[in-house]
$ cat model_19.tsv   # TSV, N, CA and C atoms
chain	number	residue	atom	x	y	z
A	27	MET	N	274.12	104.32	-23.53
A	27	MET	CA	275.24	105.17	-23.19
A	27	MET	C	275.06	106.52	-23.90
A	28	ALA	N	275.44	107.57	-23.21
A	28	ALA	CA	275.43	108.91	-23.79
A	28	ALA	C	276.87	109.41	-23.85
A	29	ARG	N	277.20	110.09	-24.94
A	29	ARG	CA	278.54	110.64	-25.12
A	29	ARG	C	278.42	112.07	-25.61
A	30	VAL	N	279.14	112.97	-24.95
A	30	VAL	CA	279.12	114.38	-25.33
A	30	VAL	C	280.56	114.87	-25.39
A	31	GLN	N	280.86	115.65	-26.44
A	31	GLN	CA	282.17	116.27	-26.61
A	31	GLN	C	281.98	117.76	-26.81
A	32	ILE	N	282.81	118.55	-26.13
A	32	ILE	CA	282.79	120.00	-26.30
A	32	ILE	C	284.23	120.46	-26.50
A	33	THR	N	284.42	121.38	-27.45
A	33	THR	CA	285.75	121.92	-27.75
A	33	THR	C	285.66	123.43	-27.76
A	34	ALA	N	286.68	124.08	-27.22
A	34	ALA	CA	286.72	125.54	-27.21
A	34	ALA	C	288.16	126.00	-27.21
A	35	GLU	N	288.38	127.21	-27.72
A	35	GLU	CA	289.70	127.84	-27.65
A	35	GLU	C	289.66	128.90	-26.57
A	36	LEU	N	290.64	128.84	-25.69
A	36	LEU	CA	290.73	129.76	-24.56
A	36	LEU	C	291.99	130.60	-24.70
A	37	ALA	N	291.88	131.88	-24.43
A	37	ALA	CA	293.00	132.81	-24.60
A	37	ALA	C	293.91	132.82	-23.38
A	38	CYS	N	294.47	131.66	-23.08
A	38	CYS	CA	295.50	131.57	-22.04
A	38	CYS	C	296.29	130.28	-22.25
A	39	ALA	N	297.41	130.19	-21.59
A	39	ALA	CA	298.33	129.07	-21.79
A	39	ALA	C	297.71	127.74	-21.33
A	40	PRO	N	298.02	126.65	-22.03
A	40	PRO	CA	297.51	125.34	-21.62
A	40	PRO	C	297.88	125.00	-20.17
A	41	GLU	N	299.06	125.44	-19.73
A	41	GLU	CA	299.49	125.15	-18.35
A	41	GLU	C	298.55	125.79	-17.33
A	42	ARG	N	298.09	126.99	-17.62
A	42	ARG	CA	297.17	127.69	-16.70
A	42	ARG	C	295.81	127.00	-16.67
A	43	VAL	N	295.33	126.59	-17.83
A	43	VAL	CA	294.05	125.88	-17.89
A	43	VAL	C	294.18	124.56	-17.14
A	44	TRP	N	295.26	123.83	-17.40
A	44	TRP	CA	295.53	122.56	-16.73
A	44	TRP	C	295.50	122.74	-15.22
A	45	GLU	N	296.23	123.73	-14.72
A	45	GLU	CA	296.32	123.96	-13.28
A	45	GLU	C	294.95	124.24	-12.68
A	46	THR	N	294.16	125.03	-13.35
A	46	THR	CA	292.82	125.36	-12.85
A	46	THR	C	291.94	124.12	-12.79
A	47	VAL	N	291.93	123.34	-13.85
A	47	VAL	CA	291.06	122.17	-13.93
A	47	VAL	C	291.49	121.07	-12.96
A	48	THR	N	292.77	120.85	-12.81
A	48	THR	CA	293.24	119.69	-12.04
A	48	THR	C	293.53	119.97	-10.57
A	49	ASP	N	293.48	121.22	-10.14
A	49	ASP	CA	293.75	121.55	-8.74
A	49	ASP	C	292.51	121.24	-7.91
A	50	LEU	N	292.46	120.07	-7.33
A	50	LEU	CA	291.29	119.61	-6.59
A	50	LEU	C	291.07	120.36	-5.28
A	51	THR	N	292.08	121.09	-4.81
A	51	THR	CA	291.92	121.84	-3.56
A	51	THR	C	291.28	123.20	-3.80
A	52	HIS	N	291.14	123.59	-5.07
A	52	HIS	CA	290.54	124.88	-5.41
A	52	HIS	C	289.52	124.70	-6.54
A	53	GLN	N	288.38	124.16	-6.20
A	53	GLN	CA	287.32	123.93	-7.18
A	53	GLN	C	286.11	124.83	-6.94
A	54	SER	N	286.28	125.87	-6.14
A	54	SER	CA	285.15	126.77	-5.84
A	54	SER	C	284.67	127.52	-7.08
A	55	TRP	N	285.44	127.53	-8.15
A	55	TRP	CA	285.03	128.18	-9.39
A	55	TRP	C	283.89	127.44	-10.08
A	56	ARG	N	283.64	126.21	-9.69
A	56	ARG	CA	282.60	125.40	-10.33
A	56	ARG	C	281.25	125.63	-9.66
A	57	SER	N	280.29	126.09	-10.42
A	57	SER	CA	278.97	126.41	-9.87
A	57	SER	C	278.13	125.18	-9.57
A	58	ASP	N	278.52	124.02	-10.10
A	58	ASP	CA	277.74	122.80	-9.90
A	58	ASP	C	278.29	121.93	-8.76
A	59	VAL	N	279.37	122.35	-8.14
A	59	VAL	CA	280.03	121.53	-7.13
A	59	VAL	C	280.09	122.26	-5.79
A	60	GLU	N	279.68	121.56	-4.76
A	60	GLU	CA	279.74	122.10	-3.40
A	60	GLU	C	281.16	121.99	-2.84
A	61	ARG	N	281.76	120.80	-3.05
A	61	ARG	CA	283.12	120.57	-2.58
A	61	ARG	C	283.71	119.33	-3.25
A	62	VAL	N	285.04	119.24	-3.20
A	62	VAL	CA	285.77	118.08	-3.73
A	62	VAL	C	286.69	117.59	-2.62
A	63	GLU	N	286.67	116.29	-2.39
A	63	GLU	CA	287.53	115.70	-1.36
A	63	GLU	C	288.46	114.67	-1.98
A	64	PRO	N	289.77	114.96	-2.01
A	64	PRO	CA	290.72	113.92	-2.41
A	64	PRO	C	290.63	112.76	-1.41
A	65	THR	N	290.59	111.53	-1.91
A	65	THR	CA	290.42	110.38	-1.03
A	65	THR	C	291.60	109.42	-1.07
A	66	GLY	N	292.54	109.66	-1.94
A	66	GLY	CA	293.70	108.79	-2.06
A	66	GLY	C	294.50	109.19	-3.28
A	67	GLU	N	295.51	108.42	-3.57
A	67	GLU	CA	296.33	108.69	-4.74
A	67	GLU	C	295.50	108.41	-6.00
A	68	GLY	N	295.13	109.49	-6.70
A	68	GLY	CA	294.37	109.34	-7.93
A	68	GLY	C	292.88	109.11	-7.75
A	69	THR	N	292.36	109.37	-6.55
A	69	THR	CA	290.92	109.23	-6.34
A	69	THR	C	290.39	110.45	-5.60
A	70	PHE	N	289.13	110.78	-5.88
A	70	PHE	CA	288.48	111.88	-5.19
A	70	PHE	C	286.97	111.73	-5.29
A	71	VAL	N	286.27	112.47	-4.44
A	71	VAL	CA	284.81	112.48	-4.45
A	71	VAL	C	284.37	113.92	-4.65
A	72	GLU	N	283.44	114.10	-5.56
A	72	GLU	CA	282.86	115.41	-5.83
A	72	GLU	C	281.45	115.41	-5.25
A	73	TYR	N	281.12	116.48	-4.52
A	73	TYR	CA	279.79	116.62	-3.96
A	73	TYR	C	279.09	117.74	-4.73
A	74	ALA	N	278.03	117.38	-5.41
A	74	ALA	CA	277.27	118.36	-6.19
A	74	ALA	C	276.52	119.28	-5.25
A	75	ALA	N	276.14	120.44	-5.76
A	75	ALA	CA	275.26	121.32	-5.00
A	75	ALA	C	274.04	120.49	-4.65
A	76	GLY	N	273.73	120.37	-3.38
A	76	GLY	CA	272.66	119.51	-2.93
A	76	GLY	C	273.17	118.24	-2.28
A	77	GLY	N	274.47	117.93	-2.43
A	77	GLY	CA	275.09	116.86	-1.67
A	77	GLY	C	275.33	115.54	-2.37
A	78	ALA	N	274.80	115.30	-3.57
A	78	ALA	CA	275.02	114.02	-4.25
A	78	ALA	C	276.51	113.81	-4.51
A	79	ALA	N	277.00	112.62	-4.16
A	79	ALA	CA	278.42	112.31	-4.28
A	79	ALA	C	278.71	111.48	-5.52
A	80	THR	N	279.82	111.83	-6.19
A	80	THR	CA	280.31	111.05	-7.33
A	80	THR	C	281.76	110.71	-7.05
A	81	ALA	N	282.11	109.43	-7.18
A	81	ALA	CA	283.48	108.96	-6.97
A	81	ALA	C	284.23	108.96	-8.30
A	82	PHE	N	285.50	109.40	-8.25
A	82	PHE	CA	286.33	109.49	-9.44
A	82	PHE	C	287.65	108.75	-9.21
A	83	THR	N	288.12	108.10	-10.25
A	83	THR	CA	289.43	107.44	-10.24
A	83	THR	C	290.18	107.91	-11.48
A	84	VAL	N	291.30	108.58	-11.27
A	84	VAL	CA	292.10	109.09	-12.38
A	84	VAL	C	292.69	107.91	-13.15
A	85	THR	N	292.52	107.95	-14.47
A	85	THR	CA	293.03	106.88	-15.34
A	85	THR	C	294.16	107.36	-16.25
A	86	ARG	N	294.29	108.67	-16.39
A	86	ARG	CA	295.37	109.23	-17.22
A	86	ARG	C	295.69	110.63	-16.72
A	87	ARG	N	296.96	110.88	-16.49
A	87	ARG	CA	297.41	112.21	-16.04
A	87	ARG	C	298.75	112.48	-16.71
A	88	GLU	N	298.71	113.35	-17.73
A	88	GLU	CA	299.91	113.72	-18.46
A	88	GLU	C	299.94	115.25	-18.57
A	89	PRO	N	300.49	115.92	-17.54
A	89	PRO	CA	300.50	117.39	-17.54
A	89	PRO	C	301.33	117.94	-18.69
A	90	PRO	N	300.92	119.01	-19.30
A	90	PRO	CA	299.61	119.66	-19.19
A	90	PRO	C	298.70	119.32	-20.36
A	91	GLN	N	298.71	118.06	-20.82
A	91	GLN	CA	297.98	117.72	-22.05
A	91	GLN	C	296.75	116.86	-21.84
A	92	HIS	N	296.81	115.89	-20.96
A	92	HIS	CA	295.69	114.95	-20.82
A	92	HIS	C	295.36	114.69	-19.36
A	93	TRP	N	294.06	114.67	-19.07
A	93	TRP	CA	293.58	114.26	-17.76
A	93	TRP	C	292.30	113.50	-17.97
A	94	ALA	N	292.20	112.31	-17.42
A	94	ALA	CA	291.01	111.49	-17.62
A	94	ALA	C	290.72	110.69	-16.36
A	95	PHE	N	289.46	110.34	-16.20
A	95	PHE	CA	289.07	109.54	-15.05
A	95	PHE	C	287.78	108.79	-15.31
A	96	ASP	N	287.58	107.73	-14.52
A	96	ASP	CA	286.32	107.03	-14.46
A	96	ASP	C	285.49	107.66	-13.36
A	97	LEU	N	284.18	107.59	-13.50
A	97	LEU	CA	283.30	108.17	-12.49
A	97	LEU	C	282.11	107.26	-12.25
A	98	GLU	N	281.58	107.35	-11.02
A	98	GLU	CA	280.41	106.55	-10.69
A	98	GLU	C	279.67	107.17	-9.51
A	99	ASN	N	278.35	107.16	-9.62
A	99	ASN	CA	277.49	107.52	-8.50
A	99	ASN	C	276.25	106.63	-8.55
A	100	GLY	N	275.23	106.94	-7.79
A	100	GLY	CA	274.04	106.11	-7.75
A	100	GLY	C	273.25	106.09	-9.03
A	101	ASN	N	273.48	107.06	-9.91
A	101	ASN	CA	272.70	107.18	-11.13
A	101	ASN	C	273.43	106.79	-12.41
A	102	VAL	N	274.76	107.00	-12.46
A	102	VAL	CA	275.51	106.77	-13.69
A	102	VAL	C	276.88	106.16	-13.41
A	103	LYS	N	277.42	105.58	-14.47
A	103	LYS	CA	278.80	105.10	-14.46
A	103	LYS	C	279.39	105.52	-15.79
A	104	GLY	N	280.63	106.02	-15.77
A	104	GLY	CA	281.20	106.44	-17.04
A	104	GLY	C	282.62	106.94	-16.93
A	105	SER	N	282.94	107.88	-17.86
A	105	SER	CA	284.30	108.41	-17.91
A	105	SER	C	284.27	109.85	-18.41
A	106	TRP	N	285.34	110.56	-18.12
A	106	TRP	CA	285.54	111.94	-18.58
A	106	TRP	C	286.99	112.05	-19.01
A	107	ALA	N	287.22	112.79	-20.09
A	107	ALA	CA	288.59	113.02	-20.55
A	107	ALA	C	288.73	114.46	-20.99
A	108	GLY	N	289.84	115.06	-20.62
A	108	GLY	CA	290.15	116.42	-21.04
A	108	GLY	C	291.48	116.45	-21.77
A	109	GLU	N	291.50	117.21	-22.85
A	109	GLU	CA	292.73	117.40	-23.61
A	109	GLU	C	292.99	118.90	-23.69
A	110	PHE	N	294.23	119.30	-23.47
A	110	PHE	CA	294.65	120.70	-23.41
A	110	PHE	C	295.80	120.88	-24.40
A	111	ARG	N	295.56	121.59	-25.50
A	111	ARG	CA	296.56	121.73	-26.56
A	111	ARG	C	296.82	123.18	-26.88
A	112	PRO	N	298.08	123.54	-27.14
A	112	PRO	CA	298.37	124.91	-27.60
A	112	PRO	C	297.66	125.16	-28.92
A	113	ALA	N	297.09	126.37	-29.04
A	113	ALA	CA	296.40	126.73	-30.28
A	113	ALA	C	296.26	128.24	-30.36
A	114	GLY	N	296.74	128.84	-31.43
A	114	GLY	CA	296.54	130.26	-31.67
A	114	GLY	C	296.98	131.16	-30.53
A	115	GLY	N	298.06	130.84	-29.88
A	115	GLY	CA	298.53	131.65	-28.76
A	115	GLY	C	297.81	131.37	-27.46
A	116	GLY	N	296.92	130.41	-27.45
A	116	GLY	CA	296.17	130.05	-26.25
A	116	GLY	C	296.09	128.55	-26.11
A	117	CYS	N	294.92	128.08	-25.74
A	117	CYS	CA	294.73	126.65	-25.48
A	117	CYS	C	293.42	126.18	-26.09
A	118	ARG	N	293.47	125.08	-26.79
A	118	ARG	CA	292.26	124.42	-27.27
A	118	ARG	C	291.96	123.28	-26.29
A	119	VAL	N	290.79	123.34	-25.69
A	119	VAL	CA	290.37	122.28	-24.78
A	119	VAL	C	289.32	121.43	-25.48
A	120	THR	N	289.40	120.14	-25.21
A	120	THR	CA	288.36	119.21	-25.64
A	120	THR	C	288.01	118.36	-24.44
A	121	PHE	N	286.74	118.35	-24.09
A	121	PHE	CA	286.25	117.55	-22.98
A	121	PHE	C	285.25	116.54	-23.53
A	122	ILE	N	285.45	115.28	-23.17
A	122	ILE	CA	284.57	114.20	-23.62
A	122	ILE	C	284.07	113.47	-22.38
A	123	GLU	N	282.76	113.33	-22.30
A	123	GLU	CA	282.16	112.60	-21.18
A	123	GLU	C	281.24	111.53	-21.74
A	124	GLU	N	281.37	110.33	-21.20
A	124	GLU	CA	280.51	109.21	-21.57
A	124	GLU	C	279.94	108.62	-20.31
A	125	VAL	N	278.63	108.44	-20.29
A	125	VAL	CA	278.00	107.82	-19.12
A	125	VAL	C	276.95	106.82	-19.56
A	126	THR	N	276.77	105.83	-18.71
A	126	THR	CA	275.69	104.87	-18.87
A	126	THR	C	274.79	105.03	-17.66
A	127	PRO	N	273.55	105.46	-17.88
A	127	PRO	CA	272.61	105.59	-16.77
A	127	PRO	C	272.30	104.23	-16.15
A	128	LYS	N	272.15	104.20	-14.84
A	128	LYS	CA	271.83	102.96	-14.14
A	128	LYS	C	270.33	102.69	-14.09
A	129	LYS	N	269.55	103.71	-14.41
A	129	LYS	CA	268.10	103.56	-14.38
A	129	LYS	C	267.56	103.78	-15.79
A	130	ALA	N	266.69	102.91	-16.23
A	130	ALA	CA	266.19	102.94	-17.61
A	130	ALA	C	265.53	104.27	-17.95
A	131	TRP	N	264.80	104.87	-17.04
A	131	TRP	CA	264.09	106.11	-17.35
A	131	TRP	C	265.05	107.28	-17.60
A	132	MET	N	266.30	107.14	-17.18
A	132	MET	CA	267.28	108.21	-17.38
A	132	MET	C	267.91	108.18	-18.76
A	133	ARG	N	267.86	107.08	-19.44
A	133	ARG	CA	268.57	106.92	-20.71
A	133	ARG	C	268.21	107.98	-21.74
A	134	PRO	N	266.92	108.30	-21.96
A	134	PRO	CA	266.62	109.30	-22.97
A	134	PRO	C	267.08	110.71	-22.61
A	135	LEU	N	267.30	110.98	-21.33
A	135	LEU	CA	267.68	112.31	-20.87
A	135	LEU	C	269.17	112.50	-20.69
A	136	ALA	N	269.93	111.43	-20.73
A	136	ALA	CA	271.35	111.48	-20.40
A	136	ALA	C	272.13	112.43	-21.31
A	137	GLY	N	271.92	112.38	-22.60
A	137	GLY	CA	272.64	113.24	-23.53
A	137	GLY	C	272.35	114.71	-23.30
A	138	LEU	N	271.09	115.04	-23.08
A	138	LEU	CA	270.71	116.43	-22.79
A	138	LEU	C	271.38	116.92	-21.51
A	139	TYR	N	271.36	116.08	-20.49
A	139	TYR	CA	271.97	116.43	-19.21
A	139	TYR	C	273.48	116.66	-19.37
A	140	LEU	N	274.15	115.77	-20.08
A	140	LEU	CA	275.59	115.91	-20.27
A	140	LEU	C	275.94	117.17	-21.05
A	141	ARG	N	275.19	117.47	-22.11
A	141	ARG	CA	275.45	118.69	-22.88
A	141	ARG	C	275.32	119.93	-22.00
A	142	ARG	N	274.29	119.96	-21.17
A	142	ARG	CA	274.10	121.09	-20.26
A	142	ARG	C	275.25	121.19	-19.26
A	143	GLN	N	275.65	120.07	-18.71
A	143	GLN	CA	276.75	120.05	-17.74
A	143	GLN	C	278.07	120.50	-18.37
A	144	GLN	N	278.36	120.03	-19.58
A	144	GLN	CA	279.60	120.40	-20.24
A	144	GLN	C	279.63	121.90	-20.57
A	145	ARG	N	278.51	122.44	-21.04
A	145	ARG	CA	278.45	123.88	-21.31
A	145	ARG	C	278.65	124.69	-20.03
A	146	ARG	N	278.03	124.25	-18.95
A	146	ARG	CA	278.17	124.93	-17.66
A	146	ARG	C	279.61	124.88	-17.18
A	147	TYR	N	280.23	123.71	-17.29
A	147	TYR	CA	281.62	123.53	-16.87
A	147	TYR	C	282.53	124.47	-17.66
A	148	LEU	N	282.35	124.52	-18.97
A	148	LEU	CA	283.18	125.38	-19.81
A	148	LEU	C	282.96	126.85	-19.46
A	149	GLN	N	281.73	127.27	-19.23
A	149	GLN	CA	281.47	128.66	-18.87
A	149	GLN	C	282.10	128.99	-17.52
A	150	ASP	N	281.98	128.09	-16.55
A	150	ASP	CA	282.61	128.30	-15.24
A	150	ASP	C	284.12	128.40	-15.38
A	151	LEU	N	284.71	127.57	-16.24
A	151	LEU	CA	286.15	127.60	-16.47
A	151	LEU	C	286.57	128.93	-17.08
A	152	LYS	N	285.85	129.40	-18.05
A	152	LYS	CA	286.16	130.69	-18.66
A	152	LYS	C	286.10	131.80	-17.62
A	153	THR	N	285.10	131.78	-16.78
A	153	THR	CA	284.97	132.79	-15.72
A	153	THR	C	286.15	132.71	-14.76
A	154	ALA	N	286.53	131.49	-14.37
A	154	ALA	CA	287.64	131.32	-13.44
A	154	ALA	C	288.95	131.82	-14.04
A	155	LEU	N	289.10	131.72	-15.34
A	155	LEU	CA	290.31	132.17	-16.03
A	155	LEU	C	290.26	133.65	-16.39
A	156	GLY	N	289.13	134.29	-16.09
A	156	GLY	CA	288.97	135.71	-16.39
A	156	GLY	C	288.76	135.99	-17.87
A	157	LEU	N	288.14	135.06	-18.57
A	157	LEU	CA	287.92	135.19	-20.03
A	157	LEU	C	286.48	135.57	-20.34

$ encode --input "model_19.tsv" --output "structure tokens"
Amino acid sequence: MARVQITAELACAPERVWETVTDLTHQSWRSDVERVEPTGEGTFVEYAAGGAATAFTVTRREPPQHWAFDLENGNVKGSWAGEFRPAGGGCRVTFIEEVTPKKAWMRPLAGLYLRRQQRRYLQDLKTALGL
């Protein structure tokens, strides 16, 4: 299993960050995602650039503080959690992702991949918020 945590302070209200992250109908700000399709109450599918699909099931939704879900695709199974807290006139975000690769050859690379993905996600979020 690989686990990566990233924390950053953003100069905007937690409610604004929450709305941007959780609005599944407006995910064009993400450079790694082609599209997101809500599939039911608390479920959605994300299609990566190139078409690979990942299924998500929301496990915790407490606006505007916590959002978490389980995820699974052909390569990994795991979870993601986001925390949004007021801090210094803005918002401190903490994102934690844990995955277990389904293929043995992926295990040594999983942590590197997650760190890259989390940094990209945070940079895309900052851009979407105009920061």

$ closest_residue --input "model_19.tsv" --among "A:Asn101, A:Arg141, A:Pro90, A:Thr120" --to "Arg42 in chain A" --atoms "only N, CA and C atoms"
A:Pro90

$ atom_distance --input "model_19.tsv" --atom1 "CA of Arg61 in chain A" --atom2 "atom C of Tyr73 in chain A"
5.4 Å

$ residues_near_point --input "model_19.tsv" --point "(297.4, 119.3, -26.1)" --cutoff "7 Å" --atoms "all atoms listed in the file" --output "list in words"
Pro90, Gln91, His92, Glu109, Phe110, Arg111, Pro112 and Arg118 of chain A

$ write_last_selection --input "model_19.tsv" --atoms "N, CA and C atoms" --output "short mmCIF file (atom, residue, chain, number, x, y, z; two decimals), in the coordinates of the input"
data_model
loop_
_atom_site.label_atom_id
_atom_site.label_comp_id
_atom_site.auth_asym_id
_atom_site.auth_seq_id
_atom_site.Cartn_x
_atom_site.Cartn_y
_atom_site.Cartn_z
N PRO A 90 300.92 119.01 -19.30
CA PRO A 90 299.61 119.66 -19.19
C PRO A 90 298.70 119.32 -20.36
N GLN A 91 298.71 118.06 -20.82
CA GLN A 91 297.98 117.72 -22.05
C GLN A 91 296.75 116.86 -21.84
N HIS A 92 296.81 115.89 -20.96
CA HIS A 92 295.69 114.95 -20.82
C HIS A 92 295.36 114.69 -19.36
N GLU A 109 291.50 117.21 -22.85
CA GLU A 109 292.73 117.40 -23.61
C GLU A 109 292.99 118.90 -23.69
N PHE A 110 294.23 119.30 -23.47
CA PHE A 110 294.65 120.70 -23.41
C PHE A 110 295.80 120.88 -24.40
N ARG A 111 295.56 121.59 -25.50
CA ARG A 111 296.56 121.73 -26.56
C ARG A 111 296.82 123.18 -26.88
N PRO A 112 298.08 123.54 -27.14
CA PRO A 112 298.37 124.91 -27.60
C PRO A 112 297.66 125.16 -28.92
N ARG A 118 293.47 125.08 -26.79
CA ARG A 118 292.26 124.42 -27.27
C ARG A 118 291.96 123.28 -26.29
#

$ atom_distance --input "model_19.tsv" --atom1 "atom N of Gly100 in chain A" --atom2 "atom C of Ala79 in chain A"
6.2 Å

$ atom_distance --input "model_19.tsv" --atom1 "atom C of Val125 in chain A" --atom2 "CA of Gln31 in chain A"
12.9 Å

$ residues_around --input "model_19.tsv" --residues "Cys38 in chain A" --least-positions-apart "2" --cutoff "7 Å" --atoms "only N, CA and C atoms" --output "PyMOL selection string"
chain A and resi 35-36+40-43+115-117

$ residues_around --input "model_19.tsv" --residues "Ser57 in chain A" --least-positions-apart "6" --cutoff "10 Å" --atoms "only C-alpha atoms" --output "mmCIF file with N, CA and C atoms, keeping the file's coordinate frame"
data_model
loop_
_atom_site.group_PDB
_atom_site.id
_atom_site.type_symbol
_atom_site.label_atom_id
_atom_site.label_comp_id
_atom_site.auth_asym_id
_atom_site.auth_seq_id
_atom_site.Cartn_x
_atom_site.Cartn_y
_atom_site.Cartn_z
ATOM 1 N N ALA A 74 278.030 117.380 -5.410
ATOM 2 C CA ALA A 74 277.270 118.360 -6.190
ATOM 3 C C ALA A 74 276.520 119.280 -5.250
ATOM 4 N N ALA A 75 276.140 120.440 -5.760
ATOM 5 C CA ALA A 75 275.260 121.320 -5.000
ATOM 6 C C ALA A 75 274.040 120.490 -4.650
ATOM 7 N N ARG A 146 278.030 124.250 -18.950
ATOM 8 C CA ARG A 146 278.170 124.930 -17.660
ATOM 9 C C ARG A 146 279.610 124.880 -17.180
ATOM 10 N N TYR A 147 280.230 123.710 -17.290
ATOM 11 C CA TYR A 147 281.620 123.530 -16.870
ATOM 12 C C TYR A 147 282.530 124.470 -17.660
ATOM 13 N N GLN A 149 281.730 127.270 -19.230
ATOM 14 C CA GLN A 149 281.470 128.660 -18.870
ATOM 15 C C GLN A 149 282.100 128.990 -17.520
ATOM 16 N N ASP A 150 281.980 128.090 -16.550
ATOM 17 C CA ASP A 150 282.610 128.300 -15.240
ATOM 18 C C ASP A 150 284.120 128.400 -15.380
ATOM 19 N N LEU A 151 284.710 127.570 -16.240
ATOM 20 C CA LEU A 151 286.150 127.600 -16.470
ATOM 21 C C LEU A 151 286.570 128.930 -17.080
#

$ closest_residue --input "model_19.tsv" --among "A:Ile122, A:Phe82, A:His52, A:Ile32" --to "Phe70 in chain A" --atoms "only C-alpha atoms"
A:Phe82

$ select_by_dssp --input "model_19.tsv" --residues "range 55-136 of chain A" --states "strand (DSSP E)" --output "PyMOL selection string"
chain A and resi 59-66+69-74+79-88+92-98+102-113+116-127

$ select_by_dssp --input "model_19.tsv" --residues "chain A" --states "helix (DSSP H, G or I)" --output "ChimeraX atom specification"
/A:40-48,130-154

$ residues_near_point --input "model_19.tsv" --point "(290.0, 112.5, -18.9)" --cutoff "5 Å" --atoms "all atoms listed in the file" --output "PDB file with N, CA and C atoms, in the frame of the given file"
ATOM      1  N   TRP A  93     294.060 114.670 -19.070  1.00  0.00           N
ATOM      2  CA  TRP A  93     293.580 114.260 -17.760  1.00  0.00           C
ATOM      3  C   TRP A  93     292.300 113.500 -17.970  1.00  0.00           C
ATOM      4  N   ALA A  94     292.200 112.310 -17.420  1.00  0.00           N
ATOM      5  CA  ALA A  94     291.010 111.490 -17.620  1.00  0.00           C
ATOM      6  C   ALA A  94     290.720 110.690 -16.360  1.00  0.00           C
ATOM      7  N   PHE A  95     289.460 110.340 -16.200  1.00  0.00           N
ATOM      8  CA  PHE A  95     289.070 109.540 -15.050  1.00  0.00           C
ATOM      9  C   PHE A  95     287.780 108.790 -15.310  1.00  0.00           C
ATOM     10  N   TRP A 106     285.340 110.560 -18.120  1.00  0.00           N
ATOM     11  CA  TRP A 106     285.540 111.940 -18.580  1.00  0.00           C
ATOM     12  C   TRP A 106     286.990 112.050 -19.010  1.00  0.00           C
ATOM     13  N   ALA A 107     287.220 112.790 -20.090  1.00  0.00           N
ATOM     14  CA  ALA A 107     288.590 113.020 -20.550  1.00  0.00           C
ATOM     15  C   ALA A 107     288.730 114.460 -20.990  1.00  0.00           C
ATOM     16  N   GLY A 108     289.840 115.060 -20.620  1.00  0.00           N
ATOM     17  CA  GLY A 108     290.150 116.420 -21.040  1.00  0.00           C
ATOM     18  C   GLY A 108     291.480 116.450 -21.770  1.00  0.00           C
TER      19      GLY A 108
END

$ closest_residue --input "model_19.tsv" --among "A:Thr85, A:Leu148, A:Ala154, A:Leu138" --to "Thr33 in chain A" --atoms "only C-alpha atoms"
A:Leu148

$ closest_residue --input "model_19.tsv" --among "A:Phe121, A:Ala113, A:Trp55, A:Tyr139" --to "Ala39 in chain A" --atoms "only N, CA and C atoms"
A:Ala113

$ axis_aligned_box --input "model_19.tsv" --around "range 152-157 of chain A" --padding-each-side "4 Å" --output "JSON"
{"center_x": 287.6, "center_y": 132.7, "center_z": -16.9, "size_x": 13.3, "size_y": 14.6, "size_z": 14.9}

$ closest_residue --input "model_19.tsv" --among "A:Asp96, A:Glu63, A:Glu45, A:Asp58" --to "Gly76 in chain A" --atoms "only C-alpha atoms"
A:Asp58

$ closest_residue --input "model_19.tsv" --among "A:Val30, A:Leu97, A:Trp44, A:Gly114" --to "Ala136 in chain A" --atoms "all atoms listed in the file"
A:Val30
